[in-house]
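Visitor: First, the structure itself, so that you have it in front of you.
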Amino acid sequence: MLTLYHGSYLVVENPDIARAREHTDFGKGFYTTPIKEQAVRWSERFRMKRGQGVVSEYVFDDASAKETLSILEFETYSDAWLEFIIACRRGKDIGNYDLIVGGVANDKVFDTIELFLGGLVDEREAIKRLQYEKPNLQYCFRNQSVINRYLHFTASDGV
């Protein structure tokens, strides 16, 4: 079992992919992280915009899930990671994955992607610019039945 966190402006006991945003790092899905501090940072953004921030906590039955799910995992920031993020940010559905795991593109992602697509920086420079200084990791659940079966809400905290 793995503990995962989600930062938002409200408690999310029953994640619903239908409510997820489009054109994000790994496409439309429910995003979590095993790093509580990262979820707190996410929720603090909501607190500044909406007046409230909440971190919801879940247990993920990762051992069972890994045996049955279609999982794409980016172990490092790489050319493949960058190409995947660019495709997802452009709204292209890449692969039929239940879960995607990998690093988070930082807040300057749009500027960096524009520089890369405009030929002003190469892939190596783009990847370097997209990396956070702090450790980070995201789990993007892209299948509602997977969430319902393997991800279980346990608690929440206001930030």
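Just remember, in the structure tokens the first chain shown is A, the second B, etc., residues are 1-based per chain, and ligands are 1-based in the order shown.
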Which residues of region 131-157 of chain A sit at most 10 Å from region 84-106 of chain A, using only C-alpha atoms? Give each one's shortest atom pair and distance in Å (one decimal place), in chain and ascending residue order, as a tab-separated table.
Guide:
residue	atom	partner	partner_atom	distance
A:Gln131	CA	A:Ala105	CA	6.3
A:Tyr132	CA	A:Asn106	CA	5.9
A:Glu133	CA	A:Asn106	CA	9.3
A:Pro135	CA	A:Gly103	CA	8.6
A:Asn136	CA	A:Gly103	CA	6.0
A:Leu137	CA	A:Gly103	CA	4.7
A:Gln138	CA	A:Gly102	CA	5.6
A:Tyr139	CA	A:Val101	CA	4.6
A:Cys140	CA	A:Ile100	CA	5.1
A:Phe141	CA	A:Leu99	CA	4.7
A:Arg142	CA	A:Asp98	CA	5.1
A:Asn143	CA	A:Asp98	CA	5.1
A:Gln144	CA	A:Asp98	CA	8.7
A:Ser145	CA	A:Asp98	CA	9.2
A:Val146	CA	A:Asp98	CA	7.0
A:Ile147	CA	A:Asp98	CA	9.2
Visitor: Write out as a PyMOL selection string each polymer residue whose atoms come within 7 Å of Pro34 (chain A), counting only C-alpha atoms; drop sequence neighbours fewer than 6 positions from it.
Guide: chain A and resi 3-5
Visitor: Taking 3 positions as the minimum chain separation for residues in the same chain, which residues sit within 12 Å of Arg41 (chain A) when counting only C-alpha atoms? Answer as a PyMOL selection string.
Guide: chain A and resi 5-9+33+35-38+44-48+53-55+134+136+159
Visitor: Could you save the residues just selected, with N, CA and C atoms, as a PDB file, in the first residue's frame?
Guide:
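See again-v9.pdb below for the written result:
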ATOM      1  N   TYR A   5      -1.407  11.767  -1.977  1.00  0.00           N
ATOM      2  CA  TYR A   5      -2.061  12.997  -1.549  1.00  0.00           C
ATOM      3  C   TYR A   5      -2.534  13.787  -2.762  1.00  0.00           C
ATOM      4  N   HIS A   6      -3.595  14.573  -2.551  1.00  0.00           N
ATOM      5  CA  HIS A   6      -4.149  15.436  -3.605  1.00  0.00           C
ATOM      6  C   HIS A   6      -4.413  16.808  -3.001  1.00  0.00           C
ATOM      7  N   GLY A   7      -3.857  17.852  -3.611  1.00  0.00           N
ATOM      8  CA  GLY A   7      -4.083  19.212  -3.139  1.00  0.00           C
ATOM      9  C   GLY A   7      -5.188  19.877  -3.933  1.00  0.00           C
ATOM     10  N   SER A   8      -6.124  20.510  -3.214  1.00  0.00           N
ATOM     11  CA  SER A   8      -7.275  21.137  -3.858  1.00  0.00           C
ATOM     12  C   SER A   8      -7.808  22.250  -2.963  1.00  0.00           C
ATOM     13  N   TYR A   9      -8.996  22.758  -3.286  1.00  0.00           N
ATOM     14  CA  TYR A   9      -9.669  23.745  -2.457  1.00  0.00           C
ATOM     15  C   TYR A   9     -10.801  23.104  -1.649  1.00  0.00           C
ATOM     16  N   THR A  33       0.148  12.682  -5.476  1.00  0.00           N
ATOM     17  CA  THR A  33       1.589  12.586  -5.265  1.00  0.00           C
ATOM     18  C   THR A  33       1.867  11.825  -3.974  1.00  0.00           C
ATOM     19  N   ILE A  35       4.311  12.643  -2.174  1.00  0.00           N
ATOM     20  CA  ILE A  35       5.058  13.634  -1.396  1.00  0.00           C
ATOM     21  C   ILE A  35       4.066  14.642  -0.807  1.00  0.00           C
ATOM     22  N   LYS A  36       3.812  14.524   0.483  1.00  0.00           N
ATOM     23  CA  LYS A  36       2.795  15.373   1.121  1.00  0.00           C
ATOM     24  C   LYS A  36       3.105  16.862   0.945  1.00  0.00           C
ATOM     25  N   GLU A  37       4.384  17.252   1.046  1.00  0.00           N
ATOM     26  CA  GLU A  37       4.752  18.658   0.901  1.00  0.00           C
ATOM     27  C   GLU A  37       4.358  19.195  -0.477  1.00  0.00           C
ATOM     28  N   GLN A  38       4.429  18.353  -1.478  1.00  0.00           N
ATOM     29  CA  GLN A  38       4.038  18.761  -2.827  1.00  0.00           C
ATOM     30  C   GLN A  38       2.533  19.024  -2.877  1.00  0.00           C
ATOM     31  N   GLU A  44      -1.958  25.160  -1.420  1.00  0.00           N
ATOM     32  CA  GLU A  44      -1.719  26.563  -1.080  1.00  0.00           C
ATOM     33  C   GLU A  44      -2.041  27.486  -2.249  1.00  0.00           C
ATOM     34  N   ARG A  45      -1.832  27.005  -3.466  1.00  0.00           N
ATOM     35  CA  ARG A  45      -2.225  27.808  -4.641  1.00  0.00           C
ATOM     36  C   ARG A  45      -3.734  28.044  -4.635  1.00  0.00           C
ATOM     37  N   PHE A  46      -4.486  27.001  -4.299  1.00  0.00           N
ATOM     38  CA  PHE A  46      -5.944  27.143  -4.230  1.00  0.00           C
ATOM     39  C   PHE A  46      -6.336  28.079  -3.085  1.00  0.00           C
ATOM     40  N   ARG A  47      -5.639  27.970  -1.969  1.00  0.00           N
ATOM     41  CA  ARG A  47      -5.947  28.810  -0.814  1.00  0.00           C
ATOM     42  C   ARG A  47      -5.776  30.282  -1.182  1.00  0.00           C
ATOM     43  N   MET A  48      -4.735  30.597  -1.948  1.00  0.00           N
ATOM     44  CA  MET A  48      -4.515  31.993  -2.354  1.00  0.00           C
ATOM     45  C   MET A  48      -5.595  32.467  -3.316  1.00  0.00           C
ATOM     46  N   GLY A  53      -7.582  25.829   1.171  1.00  0.00           N
ATOM     47  CA  GLY A  53      -6.764  24.769   0.608  1.00  0.00           C
ATOM     48  C   GLY A  53      -6.918  23.508   1.442  1.00  0.00           C
ATOM     49  N   VAL A  54      -7.012  22.374   0.771  1.00  0.00           N
ATOM     50  CA  VAL A  54      -7.212  21.098   1.459  1.00  0.00           C
ATOM     51  C   VAL A  54      -6.319  20.045   0.826  1.00  0.00           C
ATOM     52  N   VAL A  55      -5.722  19.214   1.676  1.00  0.00           N
ATOM     53  CA  VAL A  55      -4.971  18.061   1.206  1.00  0.00           C
ATOM     54  C   VAL A  55      -5.768  16.817   1.588  1.00  0.00           C
ATOM     55  N   LYS A 134      13.098  21.072  -6.244  1.00  0.00           N
ATOM     56  CA  LYS A 134      12.686  20.187  -5.159  1.00  0.00           C
ATOM     57  C   LYS A 134      12.209  18.861  -5.748  1.00  0.00           C
ATOM     58  N   ASN A 136       9.910  15.897  -6.731  1.00  0.00           N
ATOM     59  CA  ASN A 136       8.478  15.870  -6.983  1.00  0.00           C
ATOM     60  C   ASN A 136       8.132  14.603  -7.758  1.00  0.00           C
ATOM     61  N   VAL A 159      -5.337  23.533   4.789  1.00  0.00           N
ATOM     62  CA  VAL A 159      -4.014  24.163   4.734  1.00  0.00           C
ATOM     63  C   VAL A 159      -4.160  25.655   4.956  1.00  0.00           C
TER      64      VAL A 159
END
Visitor: Can you work out which one of A:Lys66, A:Arg21, A:Arg129, A:His152 has the shortest atom-to-atom distance to Leu115 (chain A), counting only C-alpha atoms?
Guide: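 The answer is A:Arg129, which sits nearest to Leu115 (chain A).
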Visitor: Can you check which residues of chain A DSSP gives as helix (DSSP H, G or I) on the backbone and send them as number ranges by chain?
Guide: A: 17-19, 36-50, 62-68, 79-89, 109-117, 123-130, 144-150
Visitor: Please extract the residues of chain A with a backbone DSSP assignment of strand (DSSP E or B) and present them as JSON, numbers by chain.
Guide: {"A": [2, 3, 4, 5, 6, 7, 8, 30, 31, 32, 33, 54, 55, 56, 57, 58, 59, 60, 71, 72, 73, 99, 100, 101, 102, 138, 139, 140, 141, 151, 152, 153, 154, 155, 156, 157, 158]}
Visitor: I need the chosen residues saved as a CSV table (one decimal), in the first residue's frame, with N, CA and C atoms.
Guide:
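Output file result.csv follows:
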chain,number,residue,atom,x,y,z
A,2,LEU,N,0.5,2.2,-0.8
A,2,LEU,CA,1.2,3.5,-0.9
A,2,LEU,C,0.2,4.6,-0.5
A,3,THR,N,0.7,5.6,0.3
A,3,THR,CA,-0.1,6.7,0.6
A,3,THR,C,0.2,7.8,-0.5
A,4,LEU,N,-0.9,8.3,-1.0
A,4,LEU,CA,-0.9,9.4,-2.0
A,4,LEU,C,-1.7,10.6,-1.5
A,5,TYR,N,-1.4,11.8,-2.0
A,5,TYR,CA,-2.1,13.0,-1.5
A,5,TYR,C,-2.5,13.8,-2.8
A,6,HIS,N,-3.6,14.6,-2.6
A,6,HIS,CA,-4.1,15.4,-3.6
A,6,HIS,C,-4.4,16.8,-3.0
A,7,GLY,N,-3.9,17.9,-3.6
A,7,GLY,CA,-4.1,19.2,-3.1
A,7,GLY,C,-5.2,19.9,-3.9
A,8,SER,N,-6.1,20.5,-3.2
A,8,SER,CA,-7.3,21.1,-3.9
A,8,SER,C,-7.8,22.2,-3.0
A,30,PHE,N,-7.0,12.2,-12.6
A,30,PHE,CA,-6.9,12.6,-11.2
A,30,PHE,C,-5.5,12.5,-10.7
A,31,TYR,N,-4.9,13.7,-10.3
A,31,TYR,CA,-3.5,13.8,-10.0
A,31,TYR,C,-3.3,13.7,-8.5
A,32,THR,N,-2.3,12.9,-8.1
A,32,THR,CA,-1.9,12.7,-6.8
A,32,THR,C,-0.4,12.7,-6.7
A,33,THR,N,0.1,12.7,-5.5
A,33,THR,CA,1.6,12.6,-5.3
A,33,THR,C,1.9,11.8,-4.0
A,54,VAL,N,-7.0,22.4,0.8
A,54,VAL,CA,-7.2,21.1,1.5
A,54,VAL,C,-6.3,20.0,0.8
A,55,VAL,N,-5.7,19.2,1.7
A,55,VAL,CA,-5.0,18.1,1.2
A,55,VAL,C,-5.8,16.8,1.6
A,56,SER,N,-6.1,16.1,0.6
A,56,SER,CA,-6.8,14.8,0.8
A,56,SER,C,-5.8,13.7,0.7
A,57,GLU,N,-6.0,12.6,1.5
A,57,GLU,CA,-5.1,11.5,1.6
A,57,GLU,C,-5.8,10.2,1.2
A,58,TYR,N,-5.0,9.4,0.5
A,58,TYR,CA,-5.5,8.1,0.0
A,58,TYR,C,-4.5,7.0,0.3
A,59,VAL,N,-5.0,5.8,0.3
A,59,VAL,CA,-4.1,4.6,0.2
A,59,VAL,C,-4.4,4.0,-1.2
A,60,PHE,N,-3.3,3.7,-1.8
A,60,PHE,CA,-3.3,3.1,-3.2
A,60,PHE,C,-2.8,1.7,-3.1
A,71,ILE,N,0.3,0.8,-17.1
A,71,ILE,CA,1.0,1.9,-16.4
A,71,ILE,C,2.1,2.3,-17.3
A,72,LEU,N,2.2,3.7,-17.4
A,72,LEU,CA,3.4,4.3,-18.1
A,72,LEU,C,4.1,5.0,-17.0
A,73,GLU,N,5.4,4.7,-16.8
A,73,GLU,CA,6.2,5.4,-15.8
A,73,GLU,C,7.5,6.0,-16.4
A,99,LEU,N,-2.8,4.5,-15.6
A,99,LEU,CA,-2.0,5.3,-14.7
A,99,LEU,C,-0.7,5.7,-15.3
A,100,ILE,N,-0.4,7.0,-15.1
A,100,ILE,CA,0.9,7.5,-15.6
A,100,ILE,C,1.6,8.1,-14.4
A,101,VAL,N,2.9,7.8,-14.2
A,101,VAL,CA,3.7,8.2,-13.1
A,101,VAL,C,5.0,8.9,-13.6
A,102,GLY,N,5.3,10.1,-13.1
A,102,GLY,CA,6.5,10.8,-13.5
A,102,GLY,C,6.6,12.1,-12.9
A,138,GLN,N,4.3,12.8,-9.6
A,138,GLN,CA,2.9,12.8,-9.7
A,138,GLN,C,2.4,11.4,-10.3
A,139,TYR,N,1.2,11.0,-9.8
A,139,TYR,CA,0.5,9.8,-10.2
A,139,TYR,C,-0.8,10.4,-10.9
A,140,CYS,N,-1.0,10.1,-12.1
A,140,CYS,CA,-2.2,10.6,-12.8
A,140,CYS,C,-3.0,9.3,-13.1
A,141,PHE,N,-4.2,9.2,-12.5
A,141,PHE,CA,-5.1,8.2,-12.7
A,141,PHE,C,-6.0,8.6,-13.8
A,151,LEU,N,-7.9,3.2,-5.3
A,151,LEU,CA,-7.6,4.4,-4.6
A,151,LEU,C,-8.7,4.6,-3.5
A,152,HIS,N,-8.3,4.7,-2.2
A,152,HIS,CA,-9.3,4.8,-1.2
A,152,HIS,C,-8.9,6.0,-0.2
A,153,PHE,N,-9.9,6.9,-0.1
A,153,PHE,CA,-9.8,8.1,0.7
A,153,PHE,C,-9.7,7.6,2.2
A,154,THR,N,-8.7,8.3,2.9
A,154,THR,CA,-8.5,8.0,4.3
A,154,THR,C,-8.7,9.3,5.2
A,155,ALA,N,-8.3,10.5,4.7
A,155,ALA,CA,-8.4,11.6,5.6
A,155,ALA,C,-8.2,12.9,4.7
A,156,SER,N,-8.4,14.1,5.4
A,156,SER,CA,-8.1,15.3,4.8
A,156,SER,C,-7.7,16.3,5.8
A,157,ASP,N,-6.9,17.3,5.4
A,157,ASP,CA,-6.4,18.4,6.3
A,157,ASP,C,-6.6,19.7,5.6
A,158,GLY,N,-7.0,20.8,6.3
A,158,GLY,CA,-7.0,22.1,5.7
A,158,GLY,C,-5.6,22.7,5.7
Visitor: With only C-alpha atoms as the atoms that count, which of A:Met1, A:Ala126, A:Val121, A:Ala20 lies nearest to Asp79 (chain A)?
Guide: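 With only C-alpha atoms as the atom set, the closest residue is A:Ala126.
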Visitor: So which one's closest to Ser78 (chain A), A:Leu10, A:Glu22, A:Ala39, A:Lys128? Using only C-alpha atoms, please.
Guide: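 The shortest atom-to-atom distance to Ser78 (chain A) comes from A:Lys128.
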Visitor: I need the residue nearest Phe26 (chain A) from this list: A:Leu69, A:Ile113, A:Val11, A:Leu82. Use only C-alpha atoms for the distance.
Guide: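 Going through A:Leu69, A:Ile113, A:Val11, A:Leu82 one by one, the smallest distance to Phe26 (chain A) is for A:Leu82.
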Visitor: So the first atom is CA of Ala65 (chain A) and the second is CA of Ser43 (chain A); what is the distance between them in Å, to one decimal place?
Guide: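 Interatomic distance, CA of Ala65 (chain A) to CA of Ser43 (chain A): 26.8 Å.
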Visitor: Report the distance between CA of Tyr77 (chain A) and CA of Leu130 (chain A) in Å, rounded to one decimal place.
Guide: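 Those two atoms sit 8.5 Å apart.
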